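S.K.: This is the structure, below, for whatever I ask next.
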Amino acid sequence: MTERPPGIGAPPTGSFEEMLRIVEELDTPAGYKAELIRGKIVVSPWSKLRYLRPMRRLRAQIEAHAPEGHVTETSPFLFVFPSSERGYGPDLFVADESAFDAEGRHADGAALSLVAELTSDSAKDADWLDRMETYGRIVPVYLLPDMKVGEITAFWDPSPKGYRSRTTAPFGRPVRIPAPFDFDLDTSGFVVEQDERPEDEQR
């Protein structure tokens, strides 16, 4: 598994519903996921192996404070945002369990209470712009651990114009995760050794 390079983007082929159907039926290579970003179908690989430990630590803490009736997962489920014509597969998410009672292969983004995207240089554009704009209208909490810089940013209080509040802390210092979670996240175990080689040599 490599650090996510810019995904393979397919040009728009029709309506949001048509493109969503293509994404759901796409036979992606093992270890890859397909999403709808900026009107394109983007196929990108999972995170690096060495991100497993920080991801597990993040999940364990969040799961312990998740709202009642919500599940915390890193499984590759697609969440759709029809008003933005987006479909994302978050690295980690917390969502109302009832959203998974429905038929089909995607869940409503409105069911999300938190998303987390482990970001790096190659994924920053989508994570800080496209996803943040979409999540910022509806998802209560958005976490962006920057694995290269070694810091985490928490966004909350969504509005039609995006998140109204944010805070950033370096790995090693706690960061407050607001309601509906309401706890101090311990980031001391998030630091990973960085590979200094260019990304094209890491693949």
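In the structure tokens, each chain is lettered A, B, ... as it comes, each chain's residues begin at 1, and ligands are numbered from 1 in order of appearance.
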Pull the strand (DSSP E or B) assignments for stretch 27-165 of chain A out of DSSP run on the backbone, and list those residues as a PyMOL selection string.

M.R.: chain A and resi 32-37+40-45+70-73+78-81+86-88+92-96+106-108+112-116+119+141-146+151-156+165

S.K.: Name all residues at most 8 Å from stretch 80-89 of chain A (count only C-alpha atoms; drop same-chain ones fewer than 5 positions away) and give them as a list in words.

M.R.: Phe16, Leu20, Lys33, Ala34, Glu35, Leu36, Ile37, Arg38, Gly39, His106, Ala107, Asp108, Gly109, Ala110 and Thr134 of chain A

S.K.: Go through stretch 144-167 of chain A and flag each residue having an atom no more than 10 Å from stretch 175-188 of chain A; for those, report the closest pair of atoms plus their distance in Å to one decimal, using only C-alpha atoms, ordered by chain and rising number, as a Markdown table.

M.R.:
| residue | atom | partner | partner_atom | distance |
| --- | --- | --- | --- | --- |
| A:Pro145 | CA | A:Thr187 | CA | 9.4 |
| A:Gly150 | CA | A:Thr187 | CA | 9.7 |
| A:Glu151 | CA | A:Thr187 | CA | 8.7 |
| A:Ile152 | CA | A:Val175 | CA | 7.9 |
| A:Thr153 | CA | A:Val175 | CA | 8.3 |
| A:Ala154 | CA | A:Ile177 | CA | 7.1 |
| A:Phe155 | CA | A:Ile177 | CA | 8.9 |
| A:Trp156 | CA | A:Pro178 | CA | 7.2 |
| A:Asp157 | CA | A:Pro178 | CA | 9.0 |
| A:Thr167 | CA | A:Val175 | CA | 7.7 |

S.K.: Go ahead and save the picked residues with C-alpha atoms, as a short mmCIF file (atom, residue, chain, number, x, y, z; two decimals), in the first residue's frame.

M.R.:
data_model
loop_
_atom_site.label_atom_id
_atom_site.label_comp_id
_atom_site.auth_asym_id
_atom_site.auth_seq_id
_atom_site.Cartn_x
_atom_site.Cartn_y
_atom_site.Cartn_z
CA PRO A 145 -4.51 14.24 10.92
CA GLY A 150 2.65 15.80 12.41
CA GLU A 151 -0.43 17.71 13.50
CA ILE A 152 -4.19 17.28 13.63
CA THR A 153 -6.92 19.79 12.83
CA ALA A 154 -10.47 19.43 14.11
CA PHE A 155 -13.36 21.22 12.41
CA TRP A 156 -16.87 21.50 13.84
CA ASP A 157 -20.08 23.50 13.83
CA THR A 167 -8.44 24.00 16.19
#

S.K.: Env of A:Thr74: 7 Å cut, atoms = only C-alpha atoms, seq-sep filter 6 positions within chain, self excluded. Answer as a list in words.

M.R.: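 Skipping anything fewer than 6 positions along the chain leaves Asp91, Leu92 and Phe93 of chain A.
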
S.K.: Just C-alpha atoms for this one: save the residues we selected as a tab-separated table (two decimals), in the first residue's frame.

M.R.:
chain	number	residue	atom	x	y	z
A	91	ASP	CA	-10.67	6.71	6.04
A	92	LEU	CA	-12.64	6.58	9.28
A	93	PHE	CA	-16.25	7.45	10.00

S.K.: If we count only C-alpha atoms, what is near A:Val115 at a cut-off of 9 Å, once residues fewer than 5 positions away on the same chain are taken out, given as a list in words?

M.R.: Pro90, Asp91, Leu92, Phe93, Val94, Ala95, Tyr135, Val139, Pro140, Val141, Tyr142, Leu143 and Leu144 of chain A

S.K.: In Å, how far is it from atom CA of A:Asp130 to atom CA of A:Asp101?

M.R.: 28.2 Å

S.K.: So the first atom is atom CA of A:Glu97 and the second is atom CA of A:Ala66; what is the distance between them in Å, to one decimal place?

M.R.: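 Computing it gives 11.4 Å between the two atoms.
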